[in-house]
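Read the structure below first, then the notes.
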Amino acid sequence: MTDTAMPVYSPFFETLYDQPSPVGRLGRGVHYSVLRAVVWSDIHGDPTSTGRFLDFAVVWDEDHDPRVIEVIEAVYFAGLLGPVQVVGERKASMTFLFDPASRLNADGERTAYEAALVKFNPDTDEFFKEVAEPGYSGNLVQSEGARAVRFVDHIRDLHKLGQKPPTPTVLHANEIG
């Protein structure tokens, strides 16, 4: 049995799952990675007194642009990653999807969060960033809307995206299998 190491996209995020290149026939080469971070805010963005694991997906377009990680790191260090379950990148655009149970899915709250994201860009380029409600597929995947929503929902369910306490079961979950 061979042990294949996961790629390291950031020293701050553990890679739990990775598709390094396009898979299937959705959009123009969509694929994804699942990363884990320790966050100090809850699903609503409110600070917590203890850290929690956050498993989130990065949905890549065909070019697998690593500058997306620079933006996610900046969002992480600003303390804004806690409510996020999915970050999608497509055509110099990034979409952030919150935990469906987050109050940040309400328009007013979402608008404030989106305004906070505007300042985070890699030095080499500027990404348009949007925050979207559950069931959104617009800029996330170039495909017919319902298929894109099912794709994202499948990733959320398959990898149990979102926050979880740092229990021994969670700490070693990626070693099982």
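To be explicit about the labels: the chains of the structure tokens are called A, B, and onward in the order shown, and within each one the residues are counted from 1, while ligands get numbers from 1 in the order they are shown.
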Quick one: contact table of segment 39-98 of chain A to segment 7-14 of chain A, 8 Å max, nearest atom pair and distance in Å to one decimal per residue, counting only C-alpha atoms, chain and number order, as a tab-separated table?
```
residue	atom	partner	partner_atom	distance
A:Pro66	CA	A:Tyr9	CA	7.7
A:Ile69	CA	A:Tyr9	CA	6.9
A:Glu73	CA	A:Phe12	CA	7.7
```
Restrict the selected residues to N, CA and C atoms and save them as a tab-separated table (two decimals), in the first residue's frame.
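As written to disk, again.tsv reads:
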```
chain	number	residue	atom	x	y	z
A	66	PRO	N	-3.45	29.12	-8.02
A	66	PRO	CA	-3.05	29.06	-6.62
A	66	PRO	C	-3.15	30.41	-5.89
A	69	ILE	N	-5.54	30.79	-2.91
A	69	ILE	CA	-5.12	30.47	-1.54
A	69	ILE	C	-4.62	31.72	-0.83
A	73	GLU	N	-6.11	32.85	2.68
A	73	GLU	CA	-5.24	33.10	3.84
A	73	GLU	C	-5.50	34.49	4.43
```
Env of Gly162 of chain A: 7 Å cut, atoms = only C-alpha atoms, seq-sep filter 6 positions within chain, self excluded. Answer as a short mmCIF file (atom, residue, chain, number, x, y, z; two decimals) with C-alpha atoms, in the first residue's frame.
```
data_model
loop_
_atom_site.label_atom_id
_atom_site.label_comp_id
_atom_site.auth_asym_id
_atom_site.auth_seq_id
_atom_site.Cartn_x
_atom_site.Cartn_y
_atom_site.Cartn_z
CA LEU A 54 -13.32 24.19 9.88
CA ASP A 55 -13.39 21.86 6.88
CA PHE A 56 -14.05 23.86 3.72
CA GLN A 85 -17.96 26.17 3.81
CA ASP A 99 -22.78 27.34 6.38
#
```
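The residue that comes closest to Leu104 of chain A, out of A:Ala132, A:Val58, A:Val118, A:Leu140 and on the basis of only C-alpha atoms, is A:Ala132.
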Handout entry: Residues of segment 5-177 of chain A in helix (DSSP H, G or I), written as a PyMOL selection string
Key = chain A and resi 67-77+103-105+107-117+145-159+168-171+173-175
Save the residues we just selected, C-alpha atoms, as a PDB file, in the first residue's frame?
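Below you can see out_6.pdb, which holds the result:
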```
ATOM      1  CA  ARG A  67      -3.492  32.807  -5.953  1.00  0.00           C
ATOM      2  CA  VAL A  68      -6.906  31.886  -4.586  1.00  0.00           C
ATOM      3  CA  ILE A  69      -5.123  30.467  -1.540  1.00  0.00           C
ATOM      4  CA  GLU A  70      -3.479  33.868  -0.925  1.00  0.00           C
ATOM      5  CA  VAL A  71      -6.924  35.444  -0.723  1.00  0.00           C
ATOM      6  CA  ILE A  72      -8.268  32.679   1.536  1.00  0.00           C
ATOM      7  CA  GLU A  73      -5.244  33.098   3.842  1.00  0.00           C
ATOM      8  CA  ALA A  74      -5.896  36.852   4.078  1.00  0.00           C
ATOM      9  CA  VAL A  75      -9.565  36.195   4.880  1.00  0.00           C
ATOM     10  CA  TYR A  76      -8.453  33.623   7.473  1.00  0.00           C
ATOM     11  CA  PHE A  77      -6.045  36.028   9.190  1.00  0.00           C
ATOM     12  CA  ARG A 103     -27.432  34.104   9.963  1.00  0.00           C
ATOM     13  CA  LEU A 104     -24.919  35.652   7.537  1.00  0.00           C
ATOM     14  CA  ASN A 105     -27.062  34.255   4.740  1.00  0.00           C
ATOM     15  CA  ASP A 107     -29.053  39.979   2.896  1.00  0.00           C
ATOM     16  CA  GLY A 108     -27.926  42.703   5.332  1.00  0.00           C
ATOM     17  CA  GLU A 109     -25.411  40.496   7.104  1.00  0.00           C
ATOM     18  CA  ARG A 110     -24.112  39.112   3.803  1.00  0.00           C
ATOM     19  CA  THR A 111     -23.616  42.614   2.405  1.00  0.00           C
ATOM     20  CA  ALA A 112     -21.455  43.639   5.372  1.00  0.00           C
ATOM     21  CA  TYR A 113     -19.311  40.519   5.059  1.00  0.00           C
ATOM     22  CA  GLU A 114     -18.904  41.016   1.310  1.00  0.00           C
ATOM     23  CA  ALA A 115     -17.758  44.610   1.935  1.00  0.00           C
ATOM     24  CA  ALA A 116     -15.074  43.289   4.300  1.00  0.00           C
ATOM     25  CA  LEU A 117     -13.781  40.913   1.590  1.00  0.00           C
ATOM     26  CA  GLY A 145     -27.644  26.040 -12.206  1.00  0.00           C
ATOM     27  CA  ALA A 146     -29.324  22.941 -10.765  1.00  0.00           C
ATOM     28  CA  ARG A 147     -26.358  20.689 -11.633  1.00  0.00           C
ATOM     29  CA  ALA A 148     -23.929  23.145 -10.055  1.00  0.00           C
ATOM     30  CA  VAL A 149     -26.005  23.359  -6.867  1.00  0.00           C
ATOM     31  CA  ARG A 150     -26.147  19.542  -6.652  1.00  0.00           C
ATOM     32  CA  PHE A 151     -22.362  19.414  -7.158  1.00  0.00           C
ATOM     33  CA  VAL A 152     -21.731  21.813  -4.264  1.00  0.00           C
ATOM     34  CA  ASP A 153     -24.310  20.092  -2.038  1.00  0.00           C
ATOM     35  CA  HIS A 154     -22.629  16.738  -2.806  1.00  0.00           C
ATOM     36  CA  ILE A 155     -19.237  18.099  -1.707  1.00  0.00           C
ATOM     37  CA  ARG A 156     -20.766  19.520   1.496  1.00  0.00           C
ATOM     38  CA  ASP A 157     -22.424  16.201   2.330  1.00  0.00           C
ATOM     39  CA  LEU A 158     -19.610  13.872   1.256  1.00  0.00           C
ATOM     40  CA  HIS A 159     -16.927  15.705   3.243  1.00  0.00           C
ATOM     41  CA  PRO A 168      -9.712  12.856  18.914  1.00  0.00           C
ATOM     42  CA  THR A 169     -12.110  11.393  16.295  1.00  0.00           C
ATOM     43  CA  VAL A 170     -11.862  14.539  14.158  1.00  0.00           C
ATOM     44  CA  LEU A 171      -8.114  14.893  14.740  1.00  0.00           C
ATOM     45  CA  ALA A 173     -10.344  11.207  10.710  1.00  0.00           C
ATOM     46  CA  ASN A 174      -8.082  11.695   7.692  1.00  0.00           C
ATOM     47  CA  GLU A 175      -5.946   8.753   8.824  1.00  0.00           C
TER      48      GLU A 175
END
```
Fill in the blank from the handout: For His64 of chain A, the closest of A:Val30, A:Ala5, A:Leu161, A:Val23 counting only C-alpha atoms is A:Val30
Fill in the blank from the handout: Min atom-atom distance to Gly82 of chain A from the set A:Val39, A:Ala106, A:Ala101, A:Leu26, counting only C-alpha atoms, belongs to A:Val39
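Residue nearest Gly135 of chain A, chosen from A:Tyr17, A:Trp60, A:Phe98, A:Tyr32 and counting only C-alpha atoms: A:Phe98.
When only C-alpha atoms are used to measure the gap to Asp61 of chain A, the shortest distance among A:Pro22, A:Pro166, A:Gly79, A:Gly45 belongs to A:Pro22.
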Exercise for the section: List every residue of segment 21-132 of chain A that DSSP, applied to the backbone of this structure, places in strand (DSSP E or B), and write the result as a ChimeraX atom specification. Expected result: /A:31-41,47-60,84-89,93-98,128-132
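Note that atom CA of Ser93 of chain A and atom CA of Ser33 of chain A are 17.3 Å apart.
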Completion exercise
With distances taken over only C-alpha atoms, the candidate from A:His44, A:Val38, A:Gly88, A:Glu62 nearest Gly24 of chain A is A:Glu62
